[in-house]
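Have a look at query-v8.txt; it's compact mmCIF, C-alpha atoms:
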# COMPACT_ATOMS: atom_id res chain seq x y z
CA MET A 23 0.00 0.00 0.00
CA ASN A 24 1.15 3.45 -0.78
CA THR A 25 1.30 5.14 2.73
CA ARG A 26 1.99 8.48 1.26
CA GLY A 27 -1.45 8.26 -0.28
CA LEU A 28 -2.97 7.69 3.17
CA LYS A 29 -1.07 10.40 5.01
CA LEU A 30 -2.83 13.30 3.33
CA PRO A 31 -6.40 12.13 3.89
CA LEU A 32 -5.54 11.27 7.48
CA ALA A 33 -4.08 14.71 8.05
CA VAL A 34 -7.12 16.35 6.51
CA ALA A 35 -9.42 14.20 8.64
CA GLY A 36 -7.43 15.06 11.73
CA LEU A 37 -7.47 18.75 10.98
CA SER A 38 -11.18 18.63 10.23
CA LEU A 39 -11.80 16.88 13.51
CA MET A 40 -9.77 19.47 15.37
CA ALA A 41 -11.62 22.22 13.55
CA LEU A 42 -14.95 20.66 14.48
CA ILE A 43 -13.92 20.35 18.08
CA PHE A 44 -12.70 23.94 18.05
CA ILE A 45 -15.94 25.24 16.54
CA ALA A 46 -18.00 23.18 18.97
CA THR A 47 -16.02 24.63 21.85
CA LEU A 48 -16.45 28.14 20.52
CA LYS A 49 -20.19 27.67 20.22
CA THR A 50 -20.41 26.34 23.77
CA MET A 51 -18.46 29.33 25.00
CA GLN A 52 -20.74 31.67 23.11
CA ALA A 53 -23.76 29.92 24.53
CA ALA A 54 -22.30 30.24 28.00
CA GLU A 55 -21.67 33.93 27.45
CA THR A 56 -25.23 34.43 26.22
CA SER A 57 -26.75 32.77 29.25
CA MET A 58 -24.46 34.78 31.49
CA ALA A 59 -25.61 37.92 29.72
CA SER A 60 -29.23 37.01 30.42
CA ASP A 61 -28.30 36.34 34.05
CA THR A 62 -27.22 39.96 34.36
CA GLY A 63 -30.37 40.85 32.35
CA SER A 64 -33.62 40.29 34.18
CA THR A 65 -34.97 37.96 36.84
CA GLU A 66 -38.68 37.58 37.51
CA VAL A 67 -40.25 37.12 40.91
CA ARG A 68 -43.83 35.96 40.82
CA ILE A 69 -46.22 37.12 43.53
CA ASP A 70 -49.08 34.76 44.17
CA ASN A 71 -51.22 33.56 47.04
CA PHE A 72 -49.79 36.11 49.50
CA THR A 73 -46.20 35.02 48.93
CA PHE A 74 -43.18 36.16 46.95
CA GLN A 75 -42.74 32.87 45.14
CA ALA A 76 -38.93 33.04 45.19
CA PRO A 77 -38.41 34.43 48.69
CA THR A 78 -34.63 34.67 48.24
CA ILE A 79 -32.91 35.26 44.92
CA THR A 80 -29.29 35.91 44.11
CA VAL A 81 -28.39 38.08 41.14
CA PRO A 82 -25.23 39.72 39.80
CA ALA A 83 -24.80 43.46 40.31
CA GLY A 84 -26.24 45.39 37.40
CA SER A 85 -29.18 43.08 36.85
CA GLU A 86 -32.86 43.94 36.99
CA VAL A 87 -35.47 42.17 39.02
CA THR A 88 -39.10 42.31 37.91
CA TRP A 89 -41.90 41.45 40.29
CA VAL A 90 -45.15 40.31 38.66
CA ASN A 91 -48.36 40.12 40.68
CA ARG A 92 -50.37 37.04 39.72
CA ASP A 93 -52.49 37.15 42.87
CA ASP A 94 -56.10 38.34 42.84
CA ILE A 95 -55.30 40.97 45.48
CA PRO A 96 -52.98 44.00 45.12
CA HIS A 97 -49.54 43.89 46.70
CA THR A 98 -46.58 46.25 47.00
CA VAL A 99 -42.82 45.71 46.96
CA VAL A 100 -41.12 47.90 49.57
CA SER A 101 -37.49 47.67 50.57
CA GLU A 102 -36.93 47.72 54.33
CA ASP A 103 -34.12 50.25 53.87
CA LYS A 104 -36.34 52.34 51.61
CA VAL A 105 -34.08 51.74 48.61
CA PHE A 106 -37.08 50.99 46.38
CA THR A 107 -40.88 51.21 46.67
CA SER A 108 -43.40 50.08 44.11
CA ASN A 109 -46.85 51.49 43.54
CA ALA A 110 -49.76 49.24 44.45
CA LEU A 111 -49.55 46.35 41.98
CA ASP A 112 -52.93 44.95 40.97
CA THR A 113 -53.22 41.58 39.20
CA ASP A 114 -50.73 41.39 36.28
CA ASP A 115 -49.02 44.68 37.20
CA LYS A 116 -45.21 44.68 37.29
CA PHE A 117 -42.45 46.51 39.08
CA THR A 118 -38.82 46.48 37.98
CA TYR A 119 -35.74 47.62 39.88
CA LYS A 120 -32.12 47.58 38.73
CA PHE A 121 -29.69 46.49 41.43
CA SER A 122 -26.40 48.27 40.73
CA GLN A 123 -24.75 47.79 44.13
CA PRO A 124 -23.92 44.48 45.79
CA GLY A 125 -25.66 43.79 49.07
CA THR A 126 -28.65 42.09 50.64
CA TYR A 127 -31.93 43.87 50.06
CA LYS A 128 -34.79 42.78 52.31
CA TYR A 129 -38.27 43.78 51.21
CA PHE A 130 -41.90 43.20 52.14
CA CYS A 131 -45.46 43.96 51.07
CA SER A 132 -46.60 47.09 52.94
CA LEU A 133 -50.24 45.94 52.72
CA HIS A 134 -49.58 42.45 54.02
CA PRO A 135 -46.35 42.81 55.98
CA LYS A 136 -46.09 39.09 56.74
CA MET A 137 -45.03 38.74 53.08
CA THR A 138 -41.27 39.13 52.99
CA GLY A 139 -38.43 38.41 50.59
CA GLU A 140 -34.84 39.31 49.84
CA VAL A 141 -32.59 39.97 46.88
CA VAL A 142 -28.93 39.12 47.33
CA VAL A 143 -26.77 41.04 44.89
CA LYS A 144 -23.25 39.81 44.28
CA MET B 7 -51.63 26.50 63.67
CA SER B 8 -53.40 23.32 64.79
CA ASP B 9 -53.98 24.93 68.22
CA SER B 10 -55.96 27.68 66.54
CA ARG B 11 -57.95 25.20 64.52
CA ASP B 12 -58.75 23.15 67.62
CA LYS B 13 -59.84 26.29 69.37
CA LEU B 14 -62.10 27.25 66.50
CA LEU B 15 -63.64 23.81 66.37
CA ARG B 16 -64.29 23.95 70.10
CA MET B 17 -65.83 27.38 69.75
CA ARG B 18 -68.19 26.03 67.13
CA SER B 19 -69.26 23.26 69.51
CA ASN B 20 -70.00 25.96 72.14
CA GLU B 21 -67.28 25.00 74.57
CA ILE B 22 -66.00 28.00 76.52
CA THR B 23 -62.55 28.96 75.33
CA GLU B 24 -62.19 32.44 76.83
CA ASP B 25 -63.15 32.79 80.46
CA HIS B 26 -60.98 35.35 82.13
CA ASN B 27 -63.58 36.70 84.50
CA HIS B 28 -65.98 35.14 86.91
CA ASP B 29 -68.57 37.86 86.93
CA GLY B 30 -71.71 35.80 86.46
CA VAL B 31 -71.90 36.44 82.72
CA ASP B 32 -73.09 33.36 80.88
CA ARG B 33 -70.37 33.19 78.27
CA ARG B 34 -71.49 29.78 77.06
CA GLY B 35 -74.78 31.32 75.99
CA PHE B 36 -72.98 34.30 74.50
CA LEU B 37 -70.69 32.10 72.43
CA ARG B 38 -73.69 30.13 71.18
CA CYS B 39 -74.92 33.40 69.80
CA MET B 40 -71.83 33.94 67.66
CA ALA B 41 -72.82 34.69 64.14
CA TRP B 42 -70.38 32.54 62.24
CA ALA B 43 -70.17 33.50 58.60
CA GLY B 44 -73.73 33.39 57.53
CA THR B 45 -76.37 32.82 60.19
CA GLY B 46 -77.62 35.57 62.43
CA ALA B 47 -78.60 35.71 66.07
CA LEU B 48 -79.62 38.59 68.22
CA CYS B 49 -78.05 38.43 71.63
CA VAL B 50 -79.07 40.88 74.29
CA MET B 51 -77.29 41.17 77.59
CA GLN B 52 -79.64 42.19 80.33
CA GLY B 53 -78.00 42.55 83.71
CA GLY B 54 -75.52 39.82 82.94
CA VAL B 55 -78.13 37.33 81.73
CA LEU B 56 -78.11 36.50 78.09
CA LYS B 57 -81.23 36.30 76.00
CA SER B 58 -81.00 35.20 72.43
CA PHE B 59 -83.32 35.44 69.47
CA ALA B 60 -82.59 33.72 66.18
CA LEU B 61 -83.03 35.64 62.98
CA PRO B 62 -85.30 36.16 61.10
CA ASP B 63 -87.56 36.28 64.19
CA ALA B 64 -85.32 38.91 65.79
CA GLY B 65 -85.62 41.00 62.67
CA LYS B 66 -89.35 41.19 63.16
CA LYS B 67 -89.09 42.18 66.83
CA LYS B 68 -88.65 45.76 67.88
CA ILE B 69 -85.37 45.57 69.74
CA LYS B 70 -85.57 48.43 72.18
CA GLY B 71 -82.41 50.39 72.52
CA ASP B 72 -81.22 53.83 73.41
CA LEU B 73 -78.86 53.88 70.45
CA SER B 74 -78.83 51.89 67.24
CA PHE B 75 -76.16 51.89 64.54
CA VAL B 76 -74.90 49.59 61.81
CA GLN B 77 -71.36 48.48 61.07
CA ILE B 78 -70.49 47.79 57.44
CA SER B 79 -67.03 46.80 56.33
CA ASP B 80 -64.67 45.91 53.51
CA SER B 81 -66.78 47.10 50.60
CA HIS B 82 -63.63 46.98 48.36
CA MET B 83 -65.27 49.17 45.74
CA GLY B 84 -63.43 48.47 42.48
CA PHE B 85 -62.71 44.76 43.12
CA ASN B 86 -63.76 42.72 40.09
CA LYS B 87 -62.15 39.30 40.31
CA PRO B 88 -63.99 35.93 40.24
CA ALA B 89 -64.68 35.90 44.00
CA ASN B 90 -67.20 38.69 43.28
CA PRO B 91 -67.37 40.47 39.91
CA ASP B 92 -70.15 42.75 41.19
CA VAL B 93 -69.17 44.39 44.49
CA THR B 94 -71.49 47.31 43.65
CA GLY B 95 -74.43 44.91 43.52
CA THR B 96 -73.61 43.24 46.83
CA PHE B 97 -73.02 46.65 48.44
CA GLN B 98 -76.49 47.67 47.25
CA THR B 99 -77.90 44.49 48.80
CA ALA B 100 -76.25 45.47 52.10
CA LEU B 101 -77.88 48.89 51.92
CA ASP B 102 -81.23 47.24 51.16
CA ARG B 103 -80.76 45.11 54.32
CA ILE B 104 -80.15 48.25 56.34
CA LYS B 105 -83.26 49.90 54.94
CA ALA B 106 -85.27 46.80 55.93
CA LEU B 107 -84.23 46.92 59.59
CA ASN B 108 -87.05 47.45 62.04
CA VAL B 109 -85.15 50.06 64.01
CA GLN B 110 -83.33 52.39 61.65
CA PRO B 111 -79.69 53.09 62.56
CA GLU B 112 -78.80 56.58 63.64
CA PHE B 113 -75.48 56.34 61.82
CA LEU B 114 -73.18 53.87 60.09
CA LEU B 115 -69.66 52.84 61.01
CA HIS B 116 -67.48 51.70 58.09
CA THR B 117 -64.49 49.75 59.40
CA GLY B 118 -62.33 50.22 56.32
CA ASP B 119 -61.24 48.89 52.92
CA ILE B 120 -63.91 51.19 51.60
CA THR B 121 -62.20 50.99 48.20
CA HIS B 122 -60.03 48.34 46.63
CA LEU B 123 -57.33 50.59 45.16
CA SER B 124 -57.84 54.02 46.80
CA LYS B 125 -59.08 55.51 43.51
CA THR B 126 -61.14 58.70 43.66
CA GLU B 127 -63.93 57.17 41.58
CA GLN B 128 -64.12 54.21 43.98
CA PHE B 129 -64.56 56.52 46.99
CA ASP B 130 -67.09 58.50 44.92
CA THR B 131 -69.16 55.40 44.18
CA VAL B 132 -69.43 54.43 47.84
CA GLU B 133 -70.44 57.91 48.94
CA GLN B 134 -72.92 58.31 46.09
CA MET B 135 -74.56 54.97 46.85
CA LEU B 136 -74.94 55.86 50.52
CA LYS B 137 -76.50 59.16 49.53
CA GLN B 138 -78.82 57.65 46.90
CA ASN B 139 -80.05 55.13 49.47
CA SER B 140 -80.67 57.86 52.06
CA MET B 141 -78.23 56.37 54.50
CA PRO B 142 -77.59 58.34 57.69
CA GLN B 143 -74.22 59.91 58.57
CA THR B 144 -71.32 57.47 58.14
CA PHE B 145 -68.14 57.44 60.22
CA TYR B 146 -65.10 55.83 58.61
CA VAL B 147 -61.74 54.39 59.49
CA PRO B 148 -59.37 53.40 56.68
CA GLY B 149 -58.24 49.94 55.68
CA GLU B 150 -54.86 49.30 54.05
CA HIS B 151 -56.61 49.36 50.64
CA ASP B 152 -57.66 52.98 51.28
CA PHE B 153 -54.10 54.24 51.78
CA LEU B 154 -52.50 53.05 48.54
CA GLU B 155 -51.89 56.46 47.00
CA ASP B 156 -50.30 59.69 48.19
CA ASP B 157 -49.82 58.37 51.73
CA GLY B 158 -53.58 58.30 52.13
CA ARG B 159 -54.25 61.90 51.07
CA THR B 160 -57.25 60.81 48.97
CA TYR B 161 -58.83 59.21 52.05
CA LEU B 162 -57.83 61.94 54.51
CA ASP B 163 -59.00 64.83 52.33
CA ARG B 164 -62.37 63.16 52.15
CA PHE B 165 -62.87 61.65 55.62
CA GLY B 166 -60.12 63.00 57.83
CA LYS B 167 -61.22 66.60 58.35
CA ASN B 168 -61.94 66.19 62.06
CA ALA B 169 -59.27 63.58 62.61
CA GLN B 170 -55.67 63.62 63.68
CA GLY B 171 -52.55 61.90 62.39
CA SER B 172 -53.47 59.17 59.92
CA GLY B 173 -57.18 59.60 60.65
CA TRP B 174 -57.97 58.78 64.29
CA TYR B 175 -60.74 60.60 66.15
CA SER B 176 -63.50 60.20 68.70
CA PHE B 177 -67.08 61.35 69.09
CA ASP B 178 -70.00 60.90 71.47
CA GLN B 179 -73.49 59.69 70.76
CA LYS B 180 -76.11 59.45 73.50
CA GLY B 181 -73.59 58.96 76.24
CA VAL B 182 -71.55 56.35 74.35
CA HIS B 183 -67.97 57.31 73.49
CA PHE B 184 -66.84 56.16 70.03
CA ILE B 185 -63.16 56.01 69.09
CA GLY B 186 -61.99 55.44 65.51
CA LEU B 187 -58.43 54.10 65.40
CA VAL B 188 -56.08 53.60 62.43
CA ASN B 189 -53.85 50.53 62.51
CA VAL B 190 -53.03 50.14 58.80
CA VAL B 191 -50.18 52.60 58.22
CA ASN B 192 -46.41 52.37 58.84
CA LEU B 193 -46.60 48.60 58.99
CA LYS B 194 -43.27 46.90 59.59
CA ALA B 195 -41.90 43.96 57.62
CA GLY B 196 -43.04 40.69 59.12
CA GLY B 197 -45.41 42.52 61.44
CA LEU B 198 -49.09 42.91 62.17
CA GLY B 199 -51.36 45.94 62.34
CA ASN B 200 -49.86 48.88 64.20
CA LEU B 201 -51.29 51.85 66.12
CA GLY B 202 -48.03 53.71 66.83
CA GLN B 203 -46.88 55.81 69.75
CA GLU B 204 -48.49 59.09 68.68
CA GLN B 205 -51.94 57.52 68.39
CA LEU B 206 -51.55 55.63 71.68
CA GLU B 207 -50.64 58.86 73.48
CA TRP B 208 -53.68 60.55 71.95
CA LEU B 209 -55.90 57.64 73.05
CA GLU B 210 -54.64 57.81 76.63
CA LYS B 211 -55.50 61.50 76.83
CA ASP B 212 -58.82 61.02 75.03
CA VAL B 213 -60.23 58.63 77.64
CA LYS B 214 -58.44 59.93 80.73
CA HIS B 215 -61.26 62.05 82.08
CA LEU B 216 -64.21 59.88 81.11
CA SER B 217 -66.10 58.23 83.95
CA HIS B 218 -65.65 54.47 84.12
CA SER B 219 -69.35 53.95 83.51
CA THR B 220 -69.11 55.49 80.02
CA PRO B 221 -69.67 52.77 77.43
CA ILE B 222 -66.79 52.74 74.95
CA VAL B 223 -66.90 51.59 71.33
CA ILE B 224 -63.59 51.28 69.49
CA PHE B 225 -63.65 50.77 65.75
CA ALA B 226 -60.58 50.00 63.66
CA HIS B 227 -59.86 48.01 60.51
CA ILE B 228 -57.46 45.24 61.53
CA PRO B 229 -58.58 43.18 64.55
CA LEU B 230 -57.23 44.44 67.86
CA TRP B 231 -56.81 40.90 69.12
CA ALA B 232 -54.63 38.11 67.74
CA VAL B 233 -57.16 36.35 65.55
CA TYR B 234 -54.46 34.67 63.42
CA PRO B 235 -51.03 36.31 63.45
CA GLN B 236 -49.69 34.01 60.72
CA TRP B 237 -51.91 35.88 58.29
CA GLY B 238 -51.28 39.29 59.85
CA TRP B 239 -54.66 39.22 61.59
CA GLY B 240 -53.77 41.14 64.76
CA THR B 241 -52.31 44.42 66.01
CA GLU B 242 -48.80 44.64 67.49
CA ASP B 243 -49.48 47.29 70.12
CA SER B 244 -53.16 46.81 70.90
CA ALA B 245 -52.38 45.61 74.43
CA GLN B 246 -51.23 49.10 75.33
CA ALA B 247 -54.43 50.59 73.90
CA LEU B 248 -56.58 48.16 75.87
CA ALA B 249 -54.64 48.95 79.03
CA TYR B 250 -55.91 52.54 78.81
CA LEU B 251 -59.48 51.15 78.70
CA LYS B 252 -59.19 48.85 81.71
CA LYS B 253 -61.15 51.12 84.00
CA PHE B 254 -64.29 51.05 81.83
CA GLY B 255 -67.13 48.65 82.58
CA SER B 256 -68.13 48.21 78.95
CA VAL B 257 -65.75 48.24 76.01
CA SER B 258 -66.77 46.99 72.58
CA VAL B 259 -64.24 46.64 69.79
CA LEU B 260 -65.57 46.50 66.23
CA ASN B 261 -63.16 45.46 63.47
CA GLY B 262 -63.15 44.35 59.84
CA HIS B 263 -60.30 43.15 57.61
CA ILE B 264 -60.86 39.40 57.92
CA HIS B 265 -64.14 39.25 55.98
CA GLN B 266 -65.90 36.94 58.45
CA THR B 267 -67.57 37.32 61.81
CA MET B 268 -65.72 36.34 64.93
CA GLN B 269 -66.26 37.31 68.55
CA LYS B 270 -64.28 37.11 71.71
CA VAL B 271 -65.06 38.24 75.23
CA GLU B 272 -62.20 39.04 77.55
CA GLY B 273 -63.06 40.66 80.86
CA ASN B 274 -64.83 43.93 80.19
CA VAL B 275 -63.99 43.89 76.47
CA THR B 276 -66.07 42.33 73.72
CA PHE B 277 -64.34 42.01 70.36
CA HIS B 278 -66.34 41.58 67.18
CA THR B 279 -65.34 41.41 63.51
CA ALA B 280 -67.73 41.99 60.65
CA CYS B 281 -68.35 40.31 57.32
CA SER B 282 -67.35 42.06 54.13
CA THR B 283 -69.98 43.30 51.70
CA ALA B 284 -67.65 42.31 48.83
CA PHE B 285 -66.11 38.83 49.22
CA PRO B 286 -65.45 36.26 51.95
CA GLN B 287 -62.05 35.08 53.15
CA PRO B 288 -61.17 31.65 54.53
CA HIS B 289 -61.33 30.76 58.20
CA PRO B 290 -57.91 30.99 59.91
CA GLY B 291 -55.61 28.28 58.60
CA ALA B 292 -58.29 26.78 56.35
CA ALA B 293 -56.46 27.82 53.17
CA GLU B 294 -52.91 28.59 52.08
CA GLY B 295 -53.47 32.30 52.39
CA PRO B 296 -56.07 34.89 53.42
CA GLY B 297 -57.10 35.79 49.86
CA PRO B 298 -60.59 36.21 48.38
CA MET B 299 -62.45 32.94 48.70
CA LYS B 300 -64.54 31.77 45.78
CA VAL B 301 -67.88 30.24 46.66
CA PRO B 302 -70.67 29.11 44.31
CA ALA B 303 -72.48 32.19 43.00
CA ASP B 304 -75.76 31.24 44.69
CA GLN B 305 -73.98 31.10 48.07
CA LEU B 306 -72.07 34.36 47.82
CA ARG B 307 -74.61 36.56 49.55
CA SER B 308 -74.89 34.14 52.45
CA VAL B 309 -71.23 34.79 53.37
CA LEU B 310 -71.42 38.58 53.08
CA GLY B 311 -73.17 40.75 55.64
CA ILE B 312 -73.83 43.75 57.85
CA THR B 313 -73.78 44.15 61.63
CA ASP B 314 -76.60 45.80 63.55
CA VAL B 315 -75.71 47.17 66.97
CA ASN B 316 -78.11 48.25 69.67
CA PHE B 317 -77.22 49.82 72.97
CA VAL B 318 -79.39 49.96 76.04
CA HIS B 319 -78.31 52.19 78.88
CA GLY B 320 -77.43 50.20 81.95
CA SER B 321 -76.45 47.03 80.14
CA HIS B 322 -72.82 45.95 80.10
CA ALA B 323 -72.51 45.14 76.45
CA LEU B 324 -73.89 46.14 73.10
CA ALA B 325 -76.41 43.88 71.43
CA VAL B 326 -74.63 42.88 68.26
CA THR B 327 -76.46 41.15 65.43
CA ASP B 328 -74.82 39.92 62.25
CA SER B 329 -77.04 39.26 59.28
CA ASN B 330 -76.05 38.03 55.85
CA LEU B 331 -77.12 39.34 52.46
CA ALA B 332 -78.91 36.20 51.29
Same coordinates, now as structure tokens:
Amino acid sequence: MNTRGLKLPLAVAGLSLMALIFIATLKTMQAAETSMASDTGSTEVRIDNFTFQAPTITVPAGSEVTWVNRDDIPHTVVSEDKVFTSNALDTDDKFTYKFSQPGTYKYFCSLHPKMTGEVVVK
Amino acid sequence: MSDSRDKLLRMRSNEITEDHNHDGVDRRGFLRCMAWAGTGALCVMQGGVLKSFALPDAGKKKIKGDLSFVQISDSHMGFNKPANPDVTGTFQTALDRIKALNVQPEFLLHTGDITHLSKTEQFDTVEQMLKQNSMPQTFYVPGEHDFLEDDGRTYLDRFGKNAQGSGWYSFDQKGVHFIGLVNVVNLKAGGLGNLGQEQLEWLEKDVKHLSHSTPIVIFAHIPLWAVYPQWGWGTEDSAQALAYLKKFGSVSVLNGHIHQTMQKVEGNVTFHTACSTAFPQPHPGAAEGPGPMKVPADQLRSVLGITDVNFVHGSHALAVTDSNLA
């Protein structure tokens, strides 16, 4: 058998394989970057049945948190340190706040103060 | 939580659960008269002996009193979710019930959540309906739903002219001293209703010089006793308020907020909560949360109601009658 004839196809196959692996890796990295970008984008907290459905969330600094009221009673989102205060949110109303600074932000519903939650910003 | 449920079950079977005084008052009979979300009973205390009349018979009797008024509560004008898409209609039914009473009330007490979202047009609707139905003068205290905008300016501009702070005030009617308290503002995270130091100091001064034989009626939105703290149904600093009232022989506390009738007698104080005219809420612990409770449409009016109160000079307690809108 003429090995010289085999060497070239093998090399091409090897290079192609490496290229494929490289592209696959790139795409994975891009995907990872995209999901990281959406992590710093927006997080939703659902309000329903007199509870903040995710009572504690952790988000990166610079991200927004949007509260959506799916309950059949109005609620408010009020930070204990008065950093943010929403209007009264009726069913399907939303309130968004952008957390620029790291820290722990405790909040509650001023109408039903037993409803509490916190946003941890890293 | 299960302790509360046991207690409620025992109350329903007429066992005495609150007996802090041994003053000859037949509390077992009184508890039997509790109007529990739907039925009505007229209970009249006469010299410590209880007489009871079941509705509708009581409605036909002329209950003699020196003073008669009606408590309405939690009209939530503007609410339109499945639990009751027609709060205007059920409010009208409540007014019709008042008009049908044998002894017409001299005034109304509204124990708050007049509106659902503190909107001007919602306050307007309530006032217009009272006027169109020739209702007598109405005294209000706000619920948390009435203070959603402008720190309550919409409510205070309308109903707070003779009030102080966030809307507390007192007045006298035929020798009975009425005190409207506000326990729905400046609520703290994780807390209950709250009166606050300024209001408590005002209350102490307000009752200081009254003789201990003056009957006292307190009305406020959130219950002044711990009905069910897990759902925020109580007031943090009510004990201090009640301490200022210890000297009085007859204290009645009328509340709303929980959208069902409950009563408790503790010493010289009788606590009573009223039904809503808009929608019912679950019994303590009977649901995941205290939200509007859906019932079949043909049962809705049986779980909404008004409270008729009659006072006879010389008796220790008010005669309180709950009736539903069915």
- Exercise: range 112-121 of chain B partners within 8 Å, all atoms listed in the file, chain neighbours under 3 positions left out, as JSON, numbers by chain: {"B": [73, 74, 75, 76, 77, 78, 79, 80, 81, 82, 83, 84, 124, 125, 128, 129, 132, 141, 142, 143, 144, 145, 146, 147, 148, 149, 150, 151, 152, 225, 226, 227, 260, 261, 262, 263]}
- Task: Write down, as a PyMOL selection string, each residue of chain A that has any atom within 10 Å of an atom of chain B, counting only C-alpha atoms.
- Result: chain A and resi 70-73+93-98+100-102+109-113+128-139
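Atom pair CA of Val188 in chain B / CA of Arg307 in chain B: separated by 28.3 Å.
Reported to one decimal place, the separation of CA of Phe165 in chain B from CA of Asn91 in chain A is 30.0 Å.
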Would you mind listing what lies within 8 Å of Lys144 in chain A as an mmCIF file with C-alpha atoms, in the coordinates of the input, with all atoms listed in the file counted and same-chain residues fewer than 6 positions away left out?
data_model
loop_
_atom_site.group_PDB
_atom_site.id
_atom_site.type_symbol
_atom_site.label_atom_id
_atom_site.label_comp_id
_atom_site.auth_asym_id
_atom_site.auth_seq_id
_atom_site.Cartn_x
_atom_site.Cartn_y
_atom_site.Cartn_z
ATOM 1 C CA THR A 80 -29.290 35.910 44.110
ATOM 2 C CA VAL A 81 -28.390 38.080 41.140
ATOM 3 C CA PRO A 82 -25.230 39.720 39.800
ATOM 4 C CA ALA A 83 -24.800 43.460 40.310
ATOM 5 C CA PRO A 124 -23.920 44.480 45.790
ATOM 6 C CA GLY A 125 -25.660 43.790 49.070
#
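The coordinates place CA of Leu331 in chain B at 18.9 Å from CA of Ser140 in chain B.
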Can you complete the atoms of range 194-207 of chain B to N, CA and C atoms and list them as a short mmCIF file (atom, residue, chain, number, x, y, z; two decimals), in the coordinates of the input?
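Written output follows (out-v8.cif):
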data_model
loop_
_atom_site.label_atom_id
_atom_site.label_comp_id
_atom_site.auth_asym_id
_atom_site.auth_seq_id
_atom_site.Cartn_x
_atom_site.Cartn_y
_atom_site.Cartn_z
N LYS B 194 -44.66 47.35 59.69
CA LYS B 194 -43.27 46.90 59.59
C LYS B 194 -43.20 45.51 58.96
N ALA B 195 -42.10 45.26 58.27
CA ALA B 195 -41.90 43.96 57.62
C ALA B 195 -42.07 42.85 58.63
N GLY B 196 -42.83 41.85 58.24
CA GLY B 196 -43.04 40.69 59.12
C GLY B 196 -44.01 40.95 60.25
N GLY B 197 -44.59 42.14 60.29
CA GLY B 197 -45.41 42.52 61.44
C GLY B 197 -46.90 42.39 61.23
N LEU B 198 -47.64 42.94 62.19
CA LEU B 198 -49.09 42.91 62.17
C LEU B 198 -49.60 44.35 61.99
N GLY B 199 -50.85 44.59 62.30
CA GLY B 199 -51.36 45.94 62.34
C GLY B 199 -50.61 46.74 63.40
N ASN B 200 -50.68 48.06 63.31
CA ASN B 200 -49.86 48.88 64.20
C ASN B 200 -50.56 50.21 64.49
N LEU B 201 -50.65 50.58 65.76
CA LEU B 201 -51.29 51.85 66.12
C LEU B 201 -50.25 52.98 66.18
N GLY B 202 -49.09 52.70 66.76
CA GLY B 202 -48.03 53.71 66.83
C GLY B 202 -48.12 54.56 68.08
N GLN B 203 -46.98 55.10 68.48
CA GLN B 203 -46.88 55.81 69.75
C GLN B 203 -47.75 57.07 69.79
N GLU B 204 -47.74 57.83 68.71
CA GLU B 204 -48.49 59.09 68.68
C GLU B 204 -49.98 58.84 68.91
N GLN B 205 -50.52 57.82 68.26
CA GLN B 205 -51.94 57.52 68.39
C GLN B 205 -52.25 57.00 69.80
N LEU B 206 -51.35 56.17 70.33
CA LEU B 206 -51.55 55.63 71.68
C LEU B 206 -51.57 56.75 72.71
N GLU B 207 -50.67 57.72 72.55
CA GLU B 207 -50.64 58.86 73.48
C GLU B 207 -51.93 59.67 73.38
#
